[in-house]
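Enquirer: Got a structure here, written out as structure tokens. Questions coming.
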Amino acid sequence: MFISNRVKPRPSRRGYKRLRLSCQWAFECNQVWNFANAYTAEYSNMPIPGVGWVRSNITAFDLAKQQAAYKKERGFTLHSQTVQEVTEAHAKARKQFKKDKLRWRISGGSQRSLGWIPFKSGAAVWKDGQVRYNKHFFKVWDSYGLSQYAFRSGSFSEDARGRWYFNVVVQVEVATHESQTAIGIDLGLKTTATCSDGTVLERQQRYRNLEVKLGKAQRAKQKRRVKAIHAKIKHQRKDDTHKFTTALVQQHGAIFVGNVSSAGLAKTTMAKSVLDAGWFMLKTQLKYKAIARSVVFEEVNEAYSTQTCSCCGSLSVNSPKGRAGLGIREWMCADCGTLHDRDVNAARNILAAGHSRLAGGILAR
């Protein structure tokens, strides 16, 4: 949900006050993070006389008293639950990356960290058409009808253009899905996604369409314009993907997608086109929307899906192979004589592989 005090070109006095509060709390969150970072870096390895260096695993619970004292000493107005949430996030990141010292959160300069104010369940509530947090009220653009939900954990977050968003977890009933159809999806560059039934998400080239304007703004060092263009590209790509993925989960009871790695292809000469396609975003949206609607979603191995005939299952000598065959969009199976569209054939093989995985005992949601 977008905090509305940044929608207006000229925010009111209260709007500026809320903006200053957000920036102040974001600064305090950074200080709490950095304190935890310095403490764990210094005390994770302790010298014991006659024994040597002994490693101690410092948890968020171990830091609780130190953080409370630090908050009081610095006179922070941050919510106590937010201090706990920042400390727990730091401990989780240390465990994930297996490090005692993480990156510092920077509050100023060109390398500053974007604002982030996490909170636990109960810290933020909906009251009188606004979000109440830490004894202050924040207006939001309520497009979801927040009054009908009970808030759980969440955060206030800032984007690169200085706009603040309210992100919150709410509990909803899992929707039942009656459709029994299944579909396979082949991800590509000629078309972003091709389905086994012939449905296509066309390649929109959102980045390349604005590449010239972006280059001019970068050369002119118009930082605000550069950020605005990047945001436009992001929102257009996300809108295309949302419409496509929502239609799929509403129409089908099982969705299977090839396990193509965008991270691997991003290291090749096709990097710009791969990143512009947004495969990772598409798969992420399909996954969480499928869970919300009780739809089966699986990533399957797409090896040889392009070369294998989806009718007879043979690996035809006429099929496109490797990068040399990327230009071949249609081919005929030498064994059964079926004429294939390259991407639709691959999607059908992905669908067949998905059915095989379910038959082998893959748990359906």
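The chains in the structure tokens are called A, B, ... from first to last as shown; in each chain the residues are counted from 1, and the ligands are counted from 1 in the order shown.
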If we count only C-alpha atoms and set the cut-off at 12 Å, which residues sit around Gln66 (chain A), ignoring sequence neighbours fewer than 4 positions away in its own chain? Please answer as a list in words.

Expert: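 Answer for this query is Val32, Phe35, Ala36, Ala38, Tyr39, Thr40, Ile58, Thr59, Ala60, Phe61, Asp62, Tyr70, Lys71, Lys72, Glu73, Val83, Gln84 and Thr87 of chain A.
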
Enquirer: If you keep N, CA and C atoms, can you produce a file of those selected residues as an mmCIF file, in the first residue's frame?

Expert:
data_model
loop_
_atom_site.group_PDB
_atom_site.id
_atom_site.type_symbol
_atom_site.label_atom_id
_atom_site.label_comp_id
_atom_site.auth_asym_id
_atom_site.auth_seq_id
_atom_site.Cartn_x
_atom_site.Cartn_y
_atom_site.Cartn_z
ATOM 1 N N VAL A 32 20.379 0.736 14.932
ATOM 2 C CA VAL A 32 20.168 -0.503 15.678
ATOM 3 C C VAL A 32 20.837 -1.669 14.957
ATOM 4 N N PHE A 35 24.638 -1.355 15.359
ATOM 5 C CA PHE A 35 25.062 -1.726 16.715
ATOM 6 C C PHE A 35 25.150 -3.246 16.838
ATOM 7 N N ALA A 36 24.116 -3.942 16.331
ATOM 8 C CA ALA A 36 24.138 -5.409 16.358
ATOM 9 C C ALA A 36 25.302 -5.940 15.530
ATOM 10 N N ALA A 38 28.233 -4.427 14.904
ATOM 11 C CA ALA A 38 29.501 -4.188 15.608
ATOM 12 C C ALA A 38 29.667 -5.139 16.790
ATOM 13 N N TYR A 39 28.570 -5.389 17.487
ATOM 14 C CA TYR A 39 28.637 -6.251 18.674
ATOM 15 C C TYR A 39 28.974 -7.687 18.283
ATOM 16 N N THR A 40 28.295 -8.212 17.291
ATOM 17 C CA THR A 40 28.551 -9.602 16.881
ATOM 18 C C THR A 40 29.937 -9.763 16.260
ATOM 19 N N ILE A 58 26.073 -15.695 18.927
ATOM 20 C CA ILE A 58 25.255 -14.656 19.550
ATOM 21 C C ILE A 58 23.906 -14.611 18.844
ATOM 22 N N THR A 59 22.834 -14.811 19.582
ATOM 23 C CA THR A 59 21.485 -14.807 19.032
ATOM 24 C C THR A 59 20.822 -13.454 19.254
ATOM 25 N N ALA A 60 19.637 -13.288 18.668
ATOM 26 C CA ALA A 60 18.874 -12.052 18.871
ATOM 27 C C ALA A 60 18.463 -11.900 20.328
ATOM 28 N N PHE A 61 18.194 -13.017 20.987
ATOM 29 C CA PHE A 61 17.836 -12.970 22.412
ATOM 30 C C PHE A 61 19.000 -12.463 23.255
ATOM 31 N N ASP A 62 20.224 -12.855 22.890
ATOM 32 C CA ASP A 62 21.408 -12.399 23.628
ATOM 33 C C ASP A 62 21.610 -10.889 23.506
ATOM 34 N N TYR A 70 20.870 0.492 24.497
ATOM 35 C CA TYR A 70 21.363 1.366 23.431
ATOM 36 C C TYR A 70 20.270 2.329 22.981
ATOM 37 N N LYS A 71 19.053 1.834 22.854
ATOM 38 C CA LYS A 71 17.929 2.682 22.460
ATOM 39 C C LYS A 71 17.687 3.779 23.480
ATOM 40 N N LYS A 72 17.734 3.430 24.768
ATOM 41 C CA LYS A 72 17.515 4.411 25.825
ATOM 42 C C LYS A 72 18.636 5.436 25.869
ATOM 43 N N GLU A 73 19.866 4.961 25.677
ATOM 44 C CA GLU A 73 21.030 5.863 25.707
ATOM 45 C C GLU A 73 20.984 6.887 24.584
ATOM 46 N N VAL A 83 12.721 -2.493 17.229
ATOM 47 C CA VAL A 83 14.097 -2.794 17.627
ATOM 48 C C VAL A 83 14.322 -4.304 17.662
ATOM 49 N N GLN A 84 13.371 -5.039 18.226
ATOM 50 C CA GLN A 84 13.477 -6.493 18.277
ATOM 51 C C GLN A 84 13.471 -7.102 16.875
ATOM 52 N N THR A 87 16.808 -6.573 15.112
ATOM 53 C CA THR A 87 17.814 -7.469 15.688
ATOM 54 C C THR A 87 17.618 -8.900 15.204
#

Enquirer: Determine which residues of region 22-235 of chain A receive a DSSP assignment of alpha helix (DSSP H), computed from the backbone, and state them as a compact mmCIF listing (two decimals) with N, CA, C and O atoms, in the first residue's frame.

Expert:
# COMPACT_ATOMS: atom_id res chain seq x y z
N SER A 22 9.21 9.16 9.27
CA SER A 22 9.65 7.95 8.56
C SER A 22 11.15 7.95 8.37
O SER A 22 11.82 6.93 8.60
N CYS A 23 11.70 9.09 7.95
CA CYS A 23 13.15 9.18 7.74
C CYS A 23 13.91 9.04 9.07
O CYS A 23 14.97 8.41 9.12
N GLN A 24 13.36 9.63 10.14
CA GLN A 24 14.01 9.53 11.45
C GLN A 24 14.02 8.08 11.93
O GLN A 24 15.05 7.58 12.40
N TRP A 25 12.89 7.39 11.82
CA TRP A 25 12.83 6.00 12.27
C TRP A 25 13.69 5.09 11.41
O TRP A 25 14.27 4.13 11.91
N ALA A 26 13.77 5.40 10.12
CA ALA A 26 14.64 4.61 9.25
C ALA A 26 16.10 4.78 9.67
O ALA A 26 16.88 3.81 9.67
N PHE A 27 16.48 6.01 10.04
CA PHE A 27 17.84 6.25 10.53
C PHE A 27 18.09 5.46 11.82
O PHE A 27 19.15 4.85 11.99
N GLU A 28 17.11 5.45 12.72
CA GLU A 28 17.26 4.72 13.97
C GLU A 28 17.35 3.22 13.73
O GLU A 28 18.10 2.52 14.42
N CYS A 29 16.59 2.71 12.76
CA CYS A 29 16.69 1.29 12.40
C CYS A 29 18.10 0.95 11.92
O CYS A 29 18.65 -0.10 12.24
N ASN A 30 18.66 1.85 11.12
CA ASN A 30 20.03 1.63 10.64
C ASN A 30 21.02 1.59 11.79
O ASN A 30 21.95 0.77 11.80
N GLN A 31 20.82 2.47 12.78
CA GLN A 31 21.72 2.50 13.93
C GLN A 31 21.60 1.23 14.77
O GLN A 31 22.60 0.70 15.27
N VAL A 32 20.38 0.74 14.93
CA VAL A 32 20.17 -0.50 15.68
C VAL A 32 20.84 -1.67 14.96
O VAL A 32 21.49 -2.52 15.58
N TRP A 33 20.69 -1.72 13.64
CA TRP A 33 21.34 -2.76 12.83
C TRP A 33 22.85 -2.69 12.98
O TRP A 33 23.53 -3.71 13.19
N ASN A 34 23.40 -1.49 12.85
CA ASN A 34 24.86 -1.32 12.92
C ASN A 34 25.40 -1.66 14.31
O ASN A 34 26.53 -2.17 14.43
N PHE A 35 24.64 -1.36 15.36
CA PHE A 35 25.06 -1.73 16.72
C PHE A 35 25.15 -3.25 16.84
O PHE A 35 26.12 -3.78 17.39
N ALA A 36 24.12 -3.94 16.33
CA ALA A 36 24.14 -5.41 16.36
C ALA A 36 25.30 -5.94 15.53
O ALA A 36 25.97 -6.91 15.91
N ASN A 37 25.59 -5.28 14.43
CA ASN A 37 26.68 -5.71 13.55
C ASN A 37 28.03 -5.57 14.25
O ASN A 37 28.89 -6.46 14.19
N ALA A 38 28.23 -4.43 14.90
CA ALA A 38 29.50 -4.19 15.61
C ALA A 38 29.67 -5.14 16.79
O ALA A 38 30.77 -5.65 17.05
N TYR A 39 28.57 -5.39 17.49
CA TYR A 39 28.64 -6.25 18.67
C TYR A 39 28.97 -7.69 18.28
O TYR A 39 29.85 -8.32 18.90
N THR A 40 28.30 -8.21 17.29
CA THR A 40 28.55 -9.60 16.88
C THR A 40 29.94 -9.76 16.26
O THR A 40 30.58 -10.81 16.42
N ALA A 41 30.40 -8.73 15.56
CA ALA A 41 31.74 -8.80 14.97
C ALA A 41 32.82 -8.84 16.04
O ALA A 41 33.85 -9.50 15.88
N GLU A 42 32.58 -8.16 17.16
CA GLU A 42 33.59 -8.07 18.22
C GLU A 42 33.56 -9.26 19.17
O GLU A 42 34.62 -9.73 19.62
N TYR A 43 32.37 -9.75 19.47
CA TYR A 43 32.25 -10.76 20.52
C TYR A 43 31.91 -12.16 20.03
O TYR A 43 31.68 -13.05 20.84
N ALA A 60 19.64 -13.29 18.67
CA ALA A 60 18.87 -12.05 18.87
C ALA A 60 18.46 -11.90 20.33
O ALA A 60 18.41 -10.78 20.86
N PHE A 61 18.19 -13.02 20.99
CA PHE A 61 17.84 -12.97 22.41
C PHE A 61 19.00 -12.46 23.25
O PHE A 61 18.81 -11.71 24.22
N ASP A 62 20.22 -12.86 22.89
CA ASP A 62 21.41 -12.40 23.63
C ASP A 62 21.61 -10.89 23.51
O ASP A 62 22.17 -10.25 24.40
N LEU A 63 21.16 -10.31 22.38
CA LEU A 63 21.35 -8.89 22.13
C LEU A 63 20.22 -8.02 22.67
O LEU A 63 20.30 -6.79 22.61
N ALA A 64 19.16 -8.65 23.18
CA ALA A 64 17.96 -7.90 23.56
C ALA A 64 18.25 -6.82 24.60
O ALA A 64 17.85 -5.66 24.46
N LYS A 65 18.97 -7.18 25.68
CA LYS A 65 19.25 -6.21 26.75
C LYS A 65 20.16 -5.10 26.25
O LYS A 65 19.95 -3.92 26.58
N GLN A 66 21.17 -5.47 25.46
CA GLN A 66 22.09 -4.45 24.93
C GLN A 66 21.36 -3.46 24.01
O GLN A 66 21.62 -2.26 24.06
N GLN A 67 20.44 -3.98 23.20
CA GLN A 67 19.71 -3.12 22.28
C GLN A 67 18.76 -2.19 23.04
O GLN A 67 18.61 -1.01 22.67
N ALA A 68 18.13 -2.71 24.09
CA ALA A 68 17.23 -1.87 24.88
C ALA A 68 18.00 -0.73 25.54
O ALA A 68 17.55 0.42 25.57
N ALA A 69 19.18 -1.06 26.09
CA ALA A 69 20.01 -0.03 26.72
C ALA A 69 20.51 0.97 25.69
O ALA A 69 20.57 2.19 25.96
N TYR A 70 20.87 0.49 24.50
CA TYR A 70 21.36 1.37 23.43
C TYR A 70 20.27 2.33 22.98
O TYR A 70 20.52 3.52 22.77
N LYS A 71 19.05 1.83 22.85
CA LYS A 71 17.93 2.68 22.46
C LYS A 71 17.69 3.78 23.48
O LYS A 71 17.48 4.95 23.13
N LYS A 72 17.73 3.43 24.77
CA LYS A 72 17.51 4.41 25.82
C LYS A 72 18.64 5.44 25.87
O LYS A 72 18.39 6.64 26.05
N GLU A 73 19.87 4.96 25.68
CA GLU A 73 21.03 5.86 25.71
C GLU A 73 20.98 6.89 24.58
O GLU A 73 21.30 8.07 24.78
N ARG A 74 20.57 6.45 23.40
CA ARG A 74 20.54 7.35 22.25
C ARG A 74 19.25 8.17 22.19
O ARG A 74 19.13 9.07 21.35
N SER A 80 9.61 -0.31 20.37
CA SER A 80 10.44 -1.38 20.94
C SER A 80 10.35 -2.67 20.13
O SER A 80 11.34 -3.40 20.00
N GLN A 81 9.15 -2.96 19.57
CA GLN A 81 9.02 -4.16 18.75
C GLN A 81 9.82 -4.06 17.46
O GLN A 81 10.31 -5.06 16.94
N THR A 82 9.97 -2.84 16.95
CA THR A 82 10.79 -2.65 15.75
C THR A 82 12.25 -2.92 16.04
O THR A 82 12.97 -3.51 15.21
N VAL A 83 12.72 -2.49 17.23
CA VAL A 83 14.10 -2.79 17.63
C VAL A 83 14.32 -4.30 17.66
O VAL A 83 15.34 -4.82 17.17
N GLN A 84 13.37 -5.04 18.23
CA GLN A 84 13.48 -6.49 18.28
C GLN A 84 13.47 -7.10 16.87
O GLN A 84 14.23 -8.02 16.58
N GLU A 85 12.62 -6.57 16.01
CA GLU A 85 12.51 -7.12 14.65
C GLU A 85 13.78 -6.88 13.85
O GLU A 85 14.23 -7.75 13.10
N VAL A 86 14.38 -5.70 14.00
CA VAL A 86 15.65 -5.42 13.30
C VAL A 86 16.74 -6.36 13.80
O VAL A 86 17.53 -6.90 13.01
N THR A 87 16.81 -6.57 15.11
CA THR A 87 17.81 -7.47 15.69
C THR A 87 17.62 -8.90 15.20
O THR A 87 18.59 -9.59 14.88
N GLU A 88 16.37 -9.34 15.14
CA GLU A 88 16.10 -10.70 14.66
C GLU A 88 16.41 -10.84 13.18
O GLU A 88 16.91 -11.89 12.73
N ALA A 89 16.15 -9.80 12.40
CA ALA A 89 16.49 -9.83 10.97
C ALA A 89 18.00 -9.92 10.78
O ALA A 89 18.50 -10.62 9.88
N HIS A 90 18.74 -9.21 11.63
CA HIS A 90 20.21 -9.26 11.56
C HIS A 90 20.71 -10.66 11.90
O HIS A 90 21.60 -11.20 11.22
N ALA A 91 20.14 -11.27 12.94
CA ALA A 91 20.55 -12.63 13.34
C ALA A 91 20.22 -13.64 12.24
O ALA A 91 21.01 -14.55 11.96
N LYS A 92 19.07 -13.47 11.62
CA LYS A 92 18.68 -14.38 10.54
C LYS A 92 19.62 -14.25 9.35
O LYS A 92 20.02 -15.25 8.73
N ALA A 93 20.01 -13.01 9.02
CA ALA A 93 20.92 -12.80 7.89
C ALA A 93 22.31 -13.36 8.19
O ALA A 93 22.97 -13.92 7.31
N ARG A 94 22.76 -13.22 9.45
CA ARG A 94 24.07 -13.79 9.80
C ARG A 94 24.06 -15.31 9.65
O ARG A 94 25.03 -15.92 9.19
N LYS A 95 22.97 -15.92 10.04
CA LYS A 95 22.85 -17.38 9.92
C LYS A 95 22.77 -17.80 8.46
O LYS A 95 23.36 -18.80 8.05
N GLN A 96 22.05 -17.03 7.67
CA GLN A 96 21.89 -17.36 6.26
C GLN A 96 23.21 -17.27 5.50
O GLN A 96 23.55 -18.15 4.70
N PHE A 97 23.96 -16.19 5.72
CA PHE A 97 25.20 -15.96 4.98
C PHE A 97 26.44 -16.48 5.72
O PHE A 97 27.56 -16.35 5.21
N ARG A 206 10.39 -3.86 -22.44
CA ARG A 206 10.16 -2.64 -21.68
C ARG A 206 11.44 -1.83 -21.49
O ARG A 206 11.45 -0.60 -21.57
N TYR A 207 12.55 -2.52 -21.24
CA TYR A 207 13.82 -1.81 -21.05
C TYR A 207 14.32 -1.21 -22.36
O TYR A 207 14.71 -0.04 -22.42
N ARG A 208 14.30 -2.03 -23.41
CA ARG A 208 14.84 -1.56 -24.69
C ARG A 208 14.02 -0.41 -25.28
O ARG A 208 14.55 0.45 -25.97
N ASN A 209 12.72 -0.37 -24.99
CA ASN A 209 11.88 0.71 -25.52
C ASN A 209 12.24 2.06 -24.91
O ASN A 209 12.03 3.10 -25.53
N GLU A 211 15.39 2.59 -23.54
CA GLU A 211 16.84 2.60 -23.39
C GLU A 211 17.46 3.91 -23.87
O GLU A 211 18.40 4.44 -23.26
N VAL A 212 16.92 4.48 -24.97
CA VAL A 212 17.47 5.73 -25.51
C VAL A 212 17.23 6.87 -24.53
O VAL A 212 18.14 7.66 -24.22
N LYS A 213 16.00 6.98 -24.01
CA LYS A 213 15.70 8.03 -23.04
C LYS A 213 16.52 7.87 -21.77
O LYS A 213 16.98 8.85 -21.19
N LEU A 214 16.69 6.62 -21.36
CA LEU A 214 17.48 6.36 -20.16
C LEU A 214 18.92 6.78 -20.36
O LEU A 214 19.55 7.38 -19.47
N GLY A 215 19.49 6.47 -21.52
CA GLY A 215 20.87 6.85 -21.82
C GLY A 215 21.07 8.36 -21.82
O GLY A 215 22.06 8.87 -21.30
N LYS A 216 20.09 9.09 -22.39
CA LYS A 216 20.19 10.55 -22.41
C LYS A 216 20.16 11.12 -20.99
O LYS A 216 20.92 12.03 -20.65
N ALA A 217 19.28 10.59 -20.17
CA ALA A 217 19.18 11.07 -18.79
C ALA A 217 20.44 10.75 -18.00
O ALA A 217 20.89 11.55 -17.17
N GLN A 218 21.03 9.59 -18.25
CA GLN A 218 22.26 9.22 -17.54
C GLN A 218 23.42 10.10 -17.95
O GLN A 218 24.22 10.53 -17.11
N ARG A 219 23.52 10.39 -19.25
CA ARG A 219 24.62 11.25 -19.72
C ARG A 219 24.45 12.68 -19.22
O ARG A 219 25.44 13.39 -18.98
N LYS A 223 19.59 12.55 -12.20
CA LYS A 223 19.39 11.39 -11.34
C LYS A 223 17.91 11.09 -11.08
O LYS A 223 17.49 9.93 -11.09
N ARG A 224 17.12 12.12 -10.84
CA ARG A 224 15.71 11.90 -10.59
C ARG A 224 15.01 11.33 -11.82
O ARG A 224 14.12 10.47 -11.71
N ARG A 225 15.39 11.81 -13.00
CA ARG A 225 14.81 11.30 -14.24
C ARG A 225 15.20 9.85 -14.47
O ARG A 225 14.38 9.03 -14.90
N VAL A 226 16.44 9.51 -14.17
CA VAL A 226 16.91 8.12 -14.32
C VAL A 226 16.11 7.19 -13.42
O VAL A 226 15.66 6.12 -13.84
N LYS A 227 15.90 7.60 -12.17
CA LYS A 227 15.13 6.77 -11.24
C LYS A 227 13.69 6.62 -11.69
O LYS A 227 13.09 5.55 -11.56
N ALA A 228 13.12 7.70 -12.25
CA ALA A 228 11.74 7.64 -12.72
C ALA A 228 11.59 6.68 -13.91
O ALA A 228 10.61 5.93 -13.99
N ILE A 229 12.56 6.68 -14.81
CA ILE A 229 12.51 5.79 -15.97
C ILE A 229 12.65 4.33 -15.53
O ILE A 229 11.93 3.44 -16.01
N HIS A 230 13.58 4.08 -14.62
CA HIS A 230 13.74 2.71 -14.10
C HIS A 230 12.45 2.24 -13.42
O HIS A 230 12.04 1.08 -13.57
N ALA A 231 11.81 3.14 -12.67
CA ALA A 231 10.55 2.77 -12.00
C ALA A 231 9.46 2.48 -13.02
O ALA A 231 8.66 1.54 -12.85
N LYS A 232 9.40 3.26 -14.10
CA LYS A 232 8.40 3.02 -15.14
C LYS A 232 8.61 1.66 -15.80
O LYS A 232 7.65 0.92 -16.04
N ILE A 233 9.85 1.33 -16.09
CA ILE A 233 10.16 0.03 -16.70
C ILE A 233 9.72 -1.10 -15.76
O ILE A 233 9.08 -2.08 -16.18
N LYS A 234 10.05 -0.96 -14.50
CA LYS A 234 9.71 -1.98 -13.51
C LYS A 234 8.20 -2.16 -13.40
O LYS A 234 7.69 -3.30 -13.40
N HIS A 235 7.45 -1.06 -13.32
CA HIS A 235 6.00 -1.14 -13.13
C HIS A 235 5.31 -1.69 -14.39
O HIS A 235 4.35 -2.46 -14.27

Enquirer: Could you check how far CA of Tyr165 (chain A) sits from CA of Val140 (chain A), in Å to one decimal?

Expert: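 If I compute the distance from CA of Tyr165 (chain A) to CA of Val140 (chain A), I get 8.3 Å.
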
Enquirer: How far is it from CA of Pro320 (chain A) to CA of Arg342 (chain A), in Å with one decimal?

Expert: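 Taking CA of Pro320 (chain A) and CA of Arg342 (chain A), their separation equals 8.1 Å.
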
Enquirer: Do you know which residues are at most 10 Å from region 298-314 of chain A counting only C-alpha atoms, after dropping those on the same chain fewer than 2 positions away, and could you put them as an MDAnalysis selection string?

Expert: chainID A and resid 184:186 254:260 283 286:287 290 295:296 316:322 325 331:358 362:364

Enquirer: Taking only C-alpha atoms into account, which of A:Ala220, A:Val200, A:Ile106, A:Ala150 comes nearest Ala124 (chain A)?

Expert: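 Nearest candidate to Ala124 (chain A) out of A:Ala220, A:Val200, A:Ile106, A:Ala150: A:Ala150.
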
Enquirer: Distance CA of Asp159 (chain A)-CA of Gly278 (chain A), one decimal place?

Expert: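 These atoms are spaced 19.3 Å apart.
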
Enquirer: Go through A:Arg203, A:Arg293, A:Lys17, A:Lys267 and flag the residue nearest Ser179 (chain A), using only C-alpha atoms for the distances.

Expert: A:Arg293

Enquirer: If you run DSSP on this backbone, which residues of region 164-246 of chain A come out as strand (DSSP E or B), and could you give them as a list in words?

Expert: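 Those residues are Trp164, Tyr165, Phe166, Asn167, Val168, Val169, Val170, Ala182, Ile183, Gly184, Ile185, Asp186, Leu187, Thr191, Thr192, Ala193, Thr194, Cys195, Val200, Leu201 and Glu202 of chain A.
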
Enquirer: I need the residue nearest Ala193 (chain A) from this list: A:Phe280, A:Phe137, A:Leu326, A:Ala266. Use only C-alpha atoms for the distance.

Expert: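 Counting only C-alpha atoms, the residue closest to Ala193 (chain A) is A:Phe280.
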
Enquirer: So that I can check the surroundings of region 125-135 of chain A, please list as a VMD selection string every protein, DNA and RNA residue that reaches within 10 Å of it, counting only C-alpha atoms and ignoring chain neighbours fewer than 3 positions away.

Expert: chain A and resid 3 77 to 82 119 121 to 122 138 to 142 145 to 152 166

Enquirer: Identify which of the residues A:Ala160, A:Val168, A:Thr268, A:Leu189 lies closest to Ser110 (chain A), counting only C-alpha atoms when measuring atom-to-atom distances.

Expert: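 Checking each candidate against Ser110 (chain A), we get A:Ala160 as the closest.
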